[in-house]
Structure formats: structure tokens, C-alpha cells
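Student: Here you go, one structure.
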Amino acid sequence: MSVGITLILTLRVLQGKLESKRLYWLISGLVLAAASVAAILHLAHPDRAYDALINLQHAWLSREILGATLYGAAVGVTFLAKGHKAPAVLASVLGIALVAVQGMTYAAPAMVAIANGLTMLLFFITVWVMGCAAIPLLNLAPAVAALRQGIVVCMA
């Protein structure tokens with residue numbers, strides 16, 4: 001959801017439809033923080049979560065943790081920069097990379113049923129739909145057309 005919010009906010013910043021407010025970027029960061037806490041708590045040994053970073057060369061889960069950290073840092077920089085274009089675009093690019101890495105984490109060759117491009121596509125559609133659906137919660141104009149398109153693509 002955080003990446004989806006970031007994508008919509010960046011799109012609106014680039015279109016000039018969004019005034020510089022830190023609150024929006026703070027909320028995106030808080031959503032990421034809540035998701036990160038949930039991810040750590042669902043580990044078998046949360047106290048050893050740092051061990052997951054050891055195998056960056058071979059493990060998609062390690063890359064996912066690194067990607068989430070980089071994305072979170074970019075959202076933080078965008079917050080500090082009051083939502084200016086360059087940091088917002090950087091946060092969006094890192095968010096897209098994070099979703100791609102998450103898709104690869106779940107597309108393990110051992111799981112034949114989901115080890116295909118459909119998993120990645122569904123990850124991106126979910127990010128888009130959740131981002132569009134969350135925008136009204138920020139008291140911004142809803143992205144109805146974008147939400148509708150995302151839902152139609154998901155159903156197709």
C-alpha cells in the first residue's frame with residue numbers, strides 16, 4: 001500500500017496537482033513502518049531478523065529487506081524535501097524495484113504454481129489498486145479512473 005500511495009503522490013506531484021505537504025509522505029512512511037513490523041513479527045525468530053541480510057548475492061528475501069530499507073529512506077528524504085519532484089521520483093523508482101524484488105521472492109522455482117510472471121503482475125496490480133484506494137484517506141481527490149482500470153486489469 002505504501003508503494004501505491006507513493007506512486008499516486010508522485011504522479012500528482014509531476015502533474016502539478018499536489019501541493020507540497022509532508023503529511024502525505026509521512027503517512028506513506030508510517031504504512032511502510034507498520035508493514036515492516038508485521039513482516040518482522042511473522043518470522044520464526046524475530047530476534048534474528050538481521051540474519052536475513054547475510055545472503056544478498058543469492059536470496060531474494062535478503063534483497064527484499066535491502067529494497068524496503070532503501071525505499072523507506074527515499075520516502076524519508078521525500079518527507080524532508082516536502083514532496084519535491086526529484087526525491088518523489090526516486091522514491092517511486094525504488095518502490096517499483098521493491099515490488100519487483102518482492103515478486104521474485106514469491107516466485108521461487110520450488111513453488112511451480114506461482115513461479116511465473118503472473119505473480120509479479122498481480123503484485124503490481126495490487127500495489128496500484130491499494131494506492132488508488134488509499135488516496136481518499138489522505139483527503140485528496142480520489143483516483144477513480146485509475147482505480148477502475150486497476151480493478152478491471154485484475155479481473156481480466
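By order of appearance in the C-alpha cells: chains A, B, ..., then residues from 1 within every chain, and ligands from 1 in the order shown.
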What's around stretch 140-145 of chain A at 10 Å? Count only C-alpha atoms, leave out sequence neighbours fewer than 3 positions away in its own chain, and write the answer as a list in words.
Tutor: Ile8, Leu9, Lys17, Leu18, Tyr24, Val129, Gly131, Cys132, Ala133, Ala134, Ile135, Pro136, Leu137, Arg148, Gln149, Gly150 and Ile151 of chain A
Student: Would you please give, as a JSON list (two decimals) with N, CA and C atoms, in the first residue's frame, all residues of stretch 37-121 of chain A that DSSP assigns to alpha helix (DSSP H) based on the backbone?
Tutor:
[["chain", "number", "residue", "atom", "x", "y", "z"],
["A", 37, "VAL", "N", 7.04, -3.88, 10.55],
["A", 37, "VAL", "CA", 6.87, -4.51, 11.87],
["A", 37, "VAL", "C", 6.13, -5.83, 11.72],
["A", 38, "ALA", "N", 5.06, -5.83, 10.93],
["A", 38, "ALA", "CA", 4.30, -7.07, 10.71],
["A", 38, "ALA", "C", 5.18, -8.14, 10.05],
["A", 39, "ALA", "N", 6.01, -7.73, 9.10],
["A", 39, "ALA", "CA", 6.89, -8.69, 8.42],
["A", 39, "ALA", "C", 7.90, -9.30, 9.39],
["A", 40, "ILE", "N", 8.44, -8.48, 10.27],
["A", 40, "ILE", "CA", 9.41, -8.99, 11.25],
["A", 40, "ILE", "C", 8.73, -9.93, 12.24],
["A", 41, "LEU", "N", 7.53, -9.57, 12.68],
["A", 41, "LEU", "CA", 6.84, -10.38, 13.68],
["A", 41, "LEU", "C", 6.37, -11.73, 13.15],
["A", 60, "TRP", "N", 16.48, -13.76, -2.55],
["A", 60, "TRP", "CA", 15.57, -12.65, -2.84],
["A", 60, "TRP", "C", 15.02, -12.03, -1.57],
["A", 61, "LEU", "N", 14.87, -12.81, -0.51],
["A", 61, "LEU", "CA", 14.38, -12.26, 0.76],
["A", 61, "LEU", "C", 15.36, -11.23, 1.31],
["A", 62, "SER", "N", 16.64, -11.51, 1.21],
["A", 62, "SER", "CA", 17.65, -10.55, 1.65],
["A", 62, "SER", "C", 17.57, -9.27, 0.82],
["A", 63, "ARG", "N", 17.38, -9.43, -0.48],
["A", 63, "ARG", "CA", 17.26, -8.26, -1.36],
["A", 63, "ARG", "C", 15.99, -7.49, -1.07],
["A", 64, "GLU", "N", 14.94, -8.19, -0.68],
["A", 64, "GLU", "CA", 13.68, -7.53, -0.33],
["A", 64, "GLU", "C", 13.88, -6.63, 0.90],
["A", 65, "ILE", "N", 14.59, -7.11, 1.88],
["A", 65, "ILE", "CA", 14.85, -6.31, 3.08],
["A", 65, "ILE", "C", 15.68, -5.08, 2.73],
["A", 66, "LEU", "N", 16.70, -5.27, 1.91],
["A", 66, "LEU", "CA", 17.52, -4.14, 1.47],
["A", 66, "LEU", "C", 16.67, -3.15, 0.67],
["A", 67, "GLY", "N", 15.83, -3.67, -0.23],
["A", 67, "GLY", "CA", 14.97, -2.80, -1.03],
["A", 67, "GLY", "C", 13.99, -2.01, -0.19],
["A", 68, "ALA", "N", 13.42, -2.65, 0.82],
["A", 68, "ALA", "CA", 12.48, -1.95, 1.71],
["A", 68, "ALA", "C", 13.20, -0.86, 2.49],
["A", 69, "THR", "N", 14.43, -1.13, 2.89],
["A", 69, "THR", "CA", 15.22, -0.13, 3.61],
["A", 69, "THR", "C", 15.53, 1.07, 2.72],
["A", 70, "LEU", "N", 15.95, 0.81, 1.49],
["A", 70, "LEU", "CA", 16.26, 1.90, 0.56],
["A", 70, "LEU", "C", 15.00, 2.70, 0.21],
["A", 71, "TYR", "N", 13.90, 1.99, -0.01],
["A", 71, "TYR", "CA", 12.64, 2.67, -0.32],
["A", 71, "TYR", "C", 12.20, 3.53, 0.87],
["A", 72, "GLY", "N", 12.29, 2.99, 2.07],
["A", 72, "GLY", "CA", 11.93, 3.75, 3.26],
["A", 72, "GLY", "C", 12.78, 5.00, 3.42],
["A", 73, "ALA", "N", 14.08, 4.86, 3.13],
["A", 73, "ALA", "CA", 14.97, 6.03, 3.20],
["A", 73, "ALA", "C", 14.57, 7.08, 2.17],
["A", 74, "ALA", "N", 14.19, 6.63, 0.97],
["A", 74, "ALA", "CA", 13.77, 7.57, -0.07],
["A", 74, "ALA", "C", 12.48, 8.28, 0.30],
["A", 75, "VAL", "N", 11.55, 7.56, 0.91],
["A", 75, "VAL", "CA", 10.31, 8.19, 1.38],
["A", 75, "VAL", "C", 10.65, 9.21, 2.47],
["A", 76, "GLY", "N", 11.58, 8.87, 3.34],
["A", 76, "GLY", "CA", 12.02, 9.81, 4.38],
["A", 76, "GLY", "C", 12.63, 11.07, 3.80],
["A", 77, "VAL", "N", 13.47, 10.91, 2.77],
["A", 77, "VAL", "CA", 14.07, 12.07, 2.11],
["A", 77, "VAL", "C", 12.99, 12.92, 1.44],
["A", 78, "THR", "N", 12.02, 12.26, 0.82],
["A", 78, "THR", "CA", 10.92, 12.99, 0.19],
["A", 78, "THR", "C", 10.11, 13.74, 1.24],
["A", 79, "PHE", "N", 9.91, 13.14, 2.39],
["A", 79, "PHE", "CA", 9.24, 13.82, 3.50],
["A", 79, "PHE", "C", 10.01, 15.07, 3.89],
["A", 80, "LEU", "N", 11.32, 14.94, 4.05],
["A", 80, "LEU", "CA", 12.15, 16.08, 4.45],
["A", 80, "LEU", "C", 12.18, 17.16, 3.36],
["A", 85, "LYS", "N", 9.87, 17.11, -6.59],
["A", 85, "LYS", "CA", 9.82, 16.15, -7.69],
["A", 85, "LYS", "C", 10.93, 15.10, -7.66],
["A", 86, "ALA", "N", 12.18, 15.52, -7.56],
["A", 86, "ALA", "CA", 13.30, 14.57, -7.67],
["A", 86, "ALA", "C", 13.25, 13.48, -6.59],
["A", 87, "PRO", "N", 13.10, 13.84, -5.31],
["A", 87, "PRO", "CA", 13.02, 12.76, -4.31],
["A", 87, "PRO", "C", 11.76, 11.90, -4.46],
["A", 88, "ALA", "N", 10.67, 12.51, -4.92],
["A", 88, "ALA", "CA", 9.44, 11.74, -5.11],
["A", 88, "ALA", "C", 9.62, 10.71, -6.22],
["A", 89, "VAL", "N", 10.27, 11.11, -7.31],
["A", 89, "VAL", "CA", 10.53, 10.17, -8.41],
["A", 89, "VAL", "C", 11.47, 9.06, -7.94],
["A", 90, "LEU", "N", 12.50, 9.42, -7.18],
["A", 90, "LEU", "CA", 13.42, 8.42, -6.64],
["A", 90, "LEU", "C", 12.68, 7.42, -5.75],
["A", 91, "ALA", "N", 11.81, 7.92, -4.89],
["A", 91, "ALA", "CA", 11.03, 7.03, -4.01],
["A", 91, "ALA", "C", 10.15, 6.10, -4.84],
["A", 92, "SER", "N", 9.55, 6.62, -5.90],
["A", 92, "SER", "CA", 8.70, 5.77, -6.75],
["A", 92, "SER", "C", 9.50, 4.70, -7.47],
["A", 93, "VAL", "N", 10.66, 5.08, -8.00],
["A", 93, "VAL", "CA", 11.51, 4.11, -8.70],
["A", 93, "VAL", "C", 11.96, 3.01, -7.73],
["A", 94, "LEU", "N", 12.38, 3.40, -6.53],
["A", 94, "LEU", "CA", 12.79, 2.40, -5.54],
["A", 94, "LEU", "C", 11.59, 1.57, -5.08],
["A", 95, "GLY", "N", 10.41, 2.17, -5.03],
["A", 95, "GLY", "CA", 9.20, 1.42, -4.68],
["A", 95, "GLY", "C", 8.87, 0.37, -5.73],
["A", 96, "ILE", "N", 8.99, 0.74, -6.99],
["A", 96, "ILE", "CA", 8.76, -0.23, -8.08],
["A", 96, "ILE", "C", 9.79, -1.36, -8.00],
["A", 97, "ALA", "N", 11.03, -1.00, -7.75],
["A", 97, "ALA", "CA", 12.08, -2.03, -7.60],
["A", 97, "ALA", "C", 11.76, -2.95, -6.43],
["A", 98, "LEU", "N", 11.27, -2.38, -5.33],
["A", 98, "LEU", "CA", 10.91, -3.19, -4.16],
["A", 98, "LEU", "C", 9.82, -4.19, -4.50],
["A", 99, "VAL", "N", 8.79, -3.74, -5.21],
["A", 99, "VAL", "CA", 7.70, -4.65, -5.57],
["A", 99, "VAL", "C", 8.21, -5.75, -6.50],
["A", 100, "ALA", "N", 9.11, -5.41, -7.42],
["A", 100, "ALA", "CA", 9.69, -6.43, -8.30],
["A", 100, "ALA", "C", 10.47, -7.46, -7.50],
["A", 101, "VAL", "N", 11.24, -7.01, -6.53],
["A", 101, "VAL", "CA", 12.01, -7.93, -5.69],
["A", 101, "VAL", "C", 11.06, -8.79, -4.85],
["A", 102, "GLN", "N", 10.00, -8.19, -4.33],
["A", 102, "GLN", "CA", 9.02, -8.97, -3.57],
["A", 102, "GLN", "C", 8.38, -10.03, -4.45],
["A", 103, "GLY", "N", 8.09, -9.68, -5.69],
["A", 103, "GLY", "CA", 7.53, -10.65, -6.62],
["A", 103, "GLY", "C", 8.49, -11.81, -6.87],
["A", 104, "MET", "N", 9.76, -11.50, -6.97],
["A", 104, "MET", "CA", 10.76, -12.56, -7.16],
["A", 104, "MET", "C", 10.92, -13.43, -5.92],
["A", 105, "THR", "N", 10.71, -12.83, -4.74],
["A", 105, "THR", "CA", 10.78, -13.61, -3.50],
["A", 105, "THR", "C", 9.73, -14.71, -3.51],
["A", 106, "TYR", "N", 8.55, -14.40, -4.03],
["A", 106, "TYR", "CA", 7.46, -15.38, -4.04],
["A", 106, "TYR", "C", 7.42, -16.22, -5.30],
["A", 117, "GLY", "N", 5.35, -15.22, -14.36],
["A", 117, "GLY", "CA", 5.16, -13.77, -14.46],
["A", 117, "GLY", "C", 3.84, -13.29, -13.90],
["A", 118, "LEU", "N", 2.87, -14.17, -13.78],
["A", 118, "LEU", "CA", 1.56, -13.76, -13.25],
["A", 118, "LEU", "C", 1.67, -13.27, -11.81],
["A", 119, "THR", "N", 2.51, -13.89, -11.03],
["A", 119, "THR", "CA", 2.72, -13.46, -9.64],
["A", 119, "THR", "C", 3.19, -12.01, -9.60],
["A", 120, "MET", "N", 4.17, -11.69, -10.40],
["A", 120, "MET", "CA", 4.71, -10.34, -10.46],
["A", 120, "MET", "C", 3.63, -9.35, -10.92],
["A", 121, "LEU", "N", 2.89, -9.72, -11.94],
["A", 121, "LEU", "CA", 1.82, -8.86, -12.45],
["A", 121, "LEU", "C", 0.78, -8.58, -11.37]]
Student: Please determine, counting only C-alpha atoms, which residue among A:Pro46, A:Gly83, A:Ile5, A:Leu53 has the shortest atom-to-atom distance to A:Glu19.
Tutor: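 Distance minimum relative to A:Glu19 lands on A:Gly83.
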Student: Record the distance separating atom CA of A:Gly16 and atom CA of A:Ala35, expressed in Å with one decimal.
Tutor: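 Value for the atom CA of A:Gly16-atom CA of A:Ala35 distance: 29.4 Å.
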Student: Of the candidates A:Leu11, A:Ala59, A:Ala156, A:Leu30, which one gets nearest to A:Ile125 if we count only C-alpha atoms?
Tutor: A:Ala156
Student: List the neighbours of A:Ser2 out to 8 Å using only C-alpha atoms; skip same-chain residues closer than 4 positions along the sequence, and give me the result as an mmCIF file with C-alpha atoms, in the first residue's frame.
Tutor:
data_model
loop_
_atom_site.group_PDB
_atom_site.id
_atom_site.type_symbol
_atom_site.label_atom_id
_atom_site.label_comp_id
_atom_site.auth_asym_id
_atom_site.auth_seq_id
_atom_site.Cartn_x
_atom_site.Cartn_y
_atom_site.Cartn_z
ATOM 1 C CA THR A 6 3.913 6.891 -3.240
ATOM 2 C CA SER A 28 3.294 6.603 3.296
ATOM 3 C CA GLY A 29 6.302 6.067 5.570
ATOM 4 C CA VAL A 31 2.290 2.493 6.354
ATOM 5 C CA LEU A 32 5.682 1.068 5.362
ATOM 6 C CA GLY A 131 -2.594 3.043 -3.674
#
